[in-house]
Amino acid sequence: MSTFKLSCFWGSLQQQLRIVIGFDPDERVSKRLPHYSLPTEIKNYWVKQNVSIRLCGPILNIIEKINNGTFHFKAKDKLHAKIYVGDQAAILGSSNFSKSGTVSQTEANIRVELSSSKTEREQYSNIKRIAEYYYKAAEDYNEHLIELFSKLFKDATWEEALARAVAEILESKWMQDYPVLYQALVTHNLWPSQKMGIARAMKIIQDQGRVMVADPTGSGKTKFATALAYTLFHWLWENGRKDRSNALIICPRQVMENWEREQDHFTLYNKIESMGKLSLGLDKNQRTLQKSIQSSDILVIDEAHNYLHPNSKRSKAIAPKGSSNVILSTATPINKKVDDLLRLIELLDIDNLSDVDLDTYFELRKNRRKGIDKKHLEQLKRYVNQFIVRRTKKELNRMIDRAPDQYKNRFGHTCRYPKTNSIIYKTGETESDKAIANQNLSLTSQLKGVHYLQRLNIPSYLNTDEEKANYIKQRFTSATALAAYMLRVKLRSSRCALYEYLYGTKAANEKFELNSTKNYSGDILGKIKKLKTVAPKCTIDQRLLSEEHKWLYNESLYPSICNEEISIYEEIGQLSERLSDMREKSKIQTLINSIRHHKKVLAFDSTVITLDYLHKLLQQEQVKAKTIVAAGHNTRDRNQVLQLFALGNQTEEKLIALCSDAMSEGINLQDASCLLLLDMPSVLRIIEQRIGRLERMDCENKEITVMWPDDSEEFSLNGDKRMIDTLLLTEDLIGNNVGIPQAIYEKHLKNGFTTQNIIDAYNEYSNEEYGWEGVRDSTQDLYSLIEGEGALIDHQTYDLYKDVDATVKTAISFIDTDKKWSFFAFRGSTSKSPKWLLIDEKNKGYTDFSDISEKLRHYLSNGNIIQRKWKEVDTSITIKEIILKLRRQEKALLPWKKRRALQQGEKILKHYTANVFKSGKDKLNAERLLALFNPETEDDNYVDLDQFANLWLDILIPELDKLKAEKLRRRKIFTLRDLSYRNVKLNSEHLVLLLENCQYSNTLDEMVSSCIIGLGK
């Protein structure tokens, strides 16, 4: 016979059985195909098939009977016959020895019996002679068959099964199923970290449709994201979605060239647009870009943290259609404010939330200002974790250590984040300057912050008078602190910056003989003089104001307070006239000294006019280096810096770039080896962004130098400690310019903002990823199973097992445990990503890596585990139970969005079947479709629920997009749950489309890569 079914050999047959295996001629229809021996062809065929774990019992039975001589297998090439000869009967015909061949298909066979007529006895004898001839002519296949079975299933230890499961996700070899794509990724010198990241991101996109790439600064995210879009493009094409591959990239204007360069490497025809069009562009350009966003199928959003403010113009403009695949890219930690997290979840598509989480989301959104407890905040972060691809700098360096030869920059040199050396420099202020700074500090404490109090709108979530009165009190307190803090920031920057803040850019240009072309800003005195003319409009109940604050709405007191405010600012202005230029000259000298030891130096300050002033002073010193001011307003100079400080630039002249914070995000300036902080930001993230311009994996410098200003007490952040403490207390209430995690503050800064304390705070903030606290890539939980304390297997064991017997289809491990549970890793394919599933002792299913890792650690850390061999287990009963559990979990493996699509599709279809469809054909088609929503667990013809859900999403998402568009101005959030028969119209064409395009799939038991079965007591 040419084919047989393994499950037919389950049982206790003790008679001798001889089997000859032939071949299927359809497998060799082309002479161009390579010709192998029949045993090799059989093995090649079966190792490519998906084989159910239920066959491990029959396989054990066959091997046992081969070994004891009960079964004997042979194989003969070019044999295409189906013959069965027993002691009393023989069958000859067309049927394969399979369920379809013997049960469901129309076949032609003849059966003759030895005990029947003479004719049948002769036929029996002839058929038997033919079979005996073929058996004699065939070659022995016993050893080949046992070898084949060893390739299909392995009796594994739980450590090996776990290693295989982890490797299925982390190594992502299923990507090799895309030969054209895989070759492109290999050809373009992607680092292993990028290839692994792409595979991880593709898994998330296949499941959720949205992903956030959040690797640290300098890790090659632009190439990563471009290659990911290219991978997604190919995946859509290879899965019949050519009409869904329209791509759009939105990025900051200064990095558009980077994206264009990476796109050329992959010949990906994306449209690249500047994000400035969404907030600063002409209305016509903005509307055109919004239409492009709404029509894109692959939407890449660079520097995604810029789109989290729910009320900003550019944030509102990002409204992709529901069917879009969205790639968000950022290295900037997501703000921990609830509003930002809620908006991020919106961008990641809230339909991916579970039903419980979706209810929680709406509750949090409704009451987000009431002060959400830590538990709910962690719940939001945990949801975001499902979409994150992020490796820390430590993890990336560990990856490099494992395979340094595979991490090369464009010059063929090994990549690694450089070592950062911190040096403190003196800022040179005189004793007179210190005295003036102290006087300024004393004056700032008298400010009211009038310009921060023009609108007092009490949040709707505050109900009691006590809550409202406390809110108002904090607004007044923070206004005073902010007014003082802004003055101190400008004082630290330069006397020129302070002058501009007080009198405006034009006045500062004249005073310091500058030709700054920056946008007009400052003139706080002019602003308050304008505000003085009309008291703010009262929008609150004045009974809530304390006596000391009633001046704000008092028509006689308000102008008086404004005059006092003006007088204070004018006195500060008079004091600033007496400041020397020693601080600026000292910084200039530090720059001059730095350029003697470094070929290229970057210097950052938050105030542009300070940079123009320092540039003038450097020119007066006739420094032997080219000096360029790079800020957001000057495209020519900015582009010049981008070019001269890019990796591998061959210029011989020494260079100093004076940069504003417009240059601290998303751009590569790694040819510099020294960075000077001209001012000291209170926001640690801004320091990290500045240093990140040099601190990049592919830079040529093994070490970089960061120069930190050692401001005297009178000028330093330490002198601002009281106002910073106030701003930290009101951070959740109104927002501020101070970004210091509480743990960092308590450990390093509570006792003072000295330069060394700030350096220590920054180092811990950066090294320990404080900015990303609570938001993490869930695959980190997989690494925790093979690395560090609490690992279940060490990395050496993982490396040993992950590739051993890589051709084995499935590793199955049985263990004696206290409780009955089972863990499965499902292999990926060209249409589906690999997945994990754990079914606990209560038959509850888990699919999240974090949950499963925690469960596995609980189950496998128990010292009572006993490894069992298959022959020690009743595999027939155990596997049958396991398969039934698996079938019941089929829907649980679907992402929530697809589950919800099936739920809503079934509800809508039931309504149409009962109330709308009238023709017999429509009713019959509808009934056939309804049967597919809940397939029988024993049925081998299993609809591919993932693909079936996609078909329903094709119908439902356009209707959901319409619903969202109608209510866009109200910012109302709609989900698939809002769809019903009232807004989704089904017709006969839909029924035919669904029936004709739904596919049958391999059942879960055929997709298992490895499993661990806890047998329980």
# chains A, B, ... in the order shown; residues from 1 in each chain; ligands from 1
$ residues_around --residues "Phe411 (chain A)" --least-positions-apart "2" --cutoff "12 Å" --atoms "only C-alpha atoms" --output "ChimeraX atom specification"
/A:189,407-409,413-415,647-649,698-700
$ residues_around --residues "region 632-635 of chain A" --least-positions-apart "2" --cutoff "7 Å" --atoms "only C-alpha atoms" --output "PyMOL selection string"
chain A and resi 518+630+637-639+662
$ select_by_dssp --residues "region 463-560 of chain A" --states "alpha helix (DSSP H)" --output "ChimeraX atom specification"
/A:465-493,495-503,505-511,524-532,557-560
$ atom_distance --atom1 "CA of Thr847 (chain A)" --atom2 "CA of Leu358 (chain A)"
17.7 Å
$ select_by_dssp --residues "region 648-679 of chain A" --states "strand (DSSP E or B)" --output "NGL selection string"
:A and (655-659 or 674-677)
$ write_last_selection --atoms "N, CA and C atoms" --output "CSV table (one decimal), in the first residue's frame"
chain,number,residue,atom,x,y,z
A,655,LEU,N,35.3,70.7,15.1
A,655,LEU,CA,33.9,71.2,15.1
A,655,LEU,C,33.3,71.4,16.5
A,656,ILE,N,32.6,72.5,16.7
A,656,ILE,CA,31.8,72.7,17.9
A,656,ILE,C,30.4,73.0,17.4
A,657,ALA,N,29.4,72.2,17.9
A,657,ALA,CA,28.0,72.4,17.6
A,657,ALA,C,27.3,72.8,18.8
A,658,LEU,N,26.8,74.0,18.8
A,658,LEU,CA,26.0,74.6,19.9
A,658,LEU,C,24.5,74.2,19.6
A,659,CYS,N,23.9,73.3,20.4
A,659,CYS,CA,22.6,72.7,20.0
A,659,CYS,C,21.5,73.1,21.0
A,674,CYS,N,32.6,64.1,22.6
A,674,CYS,CA,32.4,64.9,23.9
A,674,CYS,C,31.1,65.7,23.8
A,675,LEU,N,30.4,65.7,24.9
A,675,LEU,CA,29.2,66.5,25.0
A,675,LEU,C,29.3,67.4,26.3
A,676,LEU,N,29.0,68.6,26.1
A,676,LEU,CA,29.0,69.6,27.2
A,676,LEU,C,27.6,70.0,27.5
A,677,LEU,N,27.2,69.9,28.8
A,677,LEU,CA,25.9,70.4,29.2
A,677,LEU,C,26.1,71.8,29.7
$ residues_around --residues "His911 (chain A)" --least-positions-apart "6" --cutoff "12 Å" --atoms "only C-alpha atoms" --output "VMD selection string"
chain A and resid 904 to 905 917 923 926 to 927 930 980 to 982 984 to 986
$ atom_distance --atom1 "CA of Phe149 (chain A)" --atom2 "CA of Phe71 (chain A)"
14.8 Å
$ residues_around --residues "Ile127 (chain A)" --least-positions-apart "4" --cutoff "9 Å" --atoms "only C-alpha atoms" --output "list of chain:residue names"
A:Ile83, A:Tyr84, A:Val85, A:Ala90, A:Ile91, A:Leu92, A:Glu122, A:Gln123, A:Ala131, A:Glu132
$ residues_around --residues "region 701-714 of chain A" --least-positions-apart "3" --cutoff "9 Å" --atoms "only C-alpha atoms" --output "number ranges by chain"
A: 416-429, 433-438, 441, 492, 587, 590, 670-680, 691, 694-695, 698, 717-720, 754-756, 759
$ atom_distance --atom1 "CA of Ile865 (chain A)" --atom2 "CA of Asp840 (chain A)"
16.1 Å
$ residues_around --residues "region 216-228 of chain A" --least-positions-apart "4" --cutoff "8 Å" --atoms "only C-alpha atoms" --output "VMD selection string"
chain A and resid 185 194 197 to 198 201 to 202 232 258 to 259 262 to 263 266 300 327 329 331 to 332 390 to 393 666 668 689 692 to 693 695 to 698
$ closest_residue --among "A:Lys375, A:Lys600, A:Arg928, A:Arg455" --to "Ala535 (chain A)" --atoms "only C-alpha atoms"
A:Arg455
$ closest_residue --among "A:Glu555, A:Glu564, A:Ile1013, A:Leu924" --to "Tyr859 (chain A)" --atoms "only C-alpha atoms"
A:Ile1013
$ closest_residue --among "A:Ile572, A:Ile388, A:Val916, A:Val623" --to "Ser594 (chain A)" --atoms "only C-alpha atoms"
A:Val623
$ closest_residue --among "A:Ile1012, A:Ile908, A:Ala949, A:Ile786" --to "Gln999 (chain A)" --atoms "only C-alpha atoms"
A:Ala949
$ closest_residue --among "A:Leu487, A:Val338, A:Ile249, A:Ala791" --to "Arg365 (chain A)" --atoms "only C-alpha atoms"
A:Val338
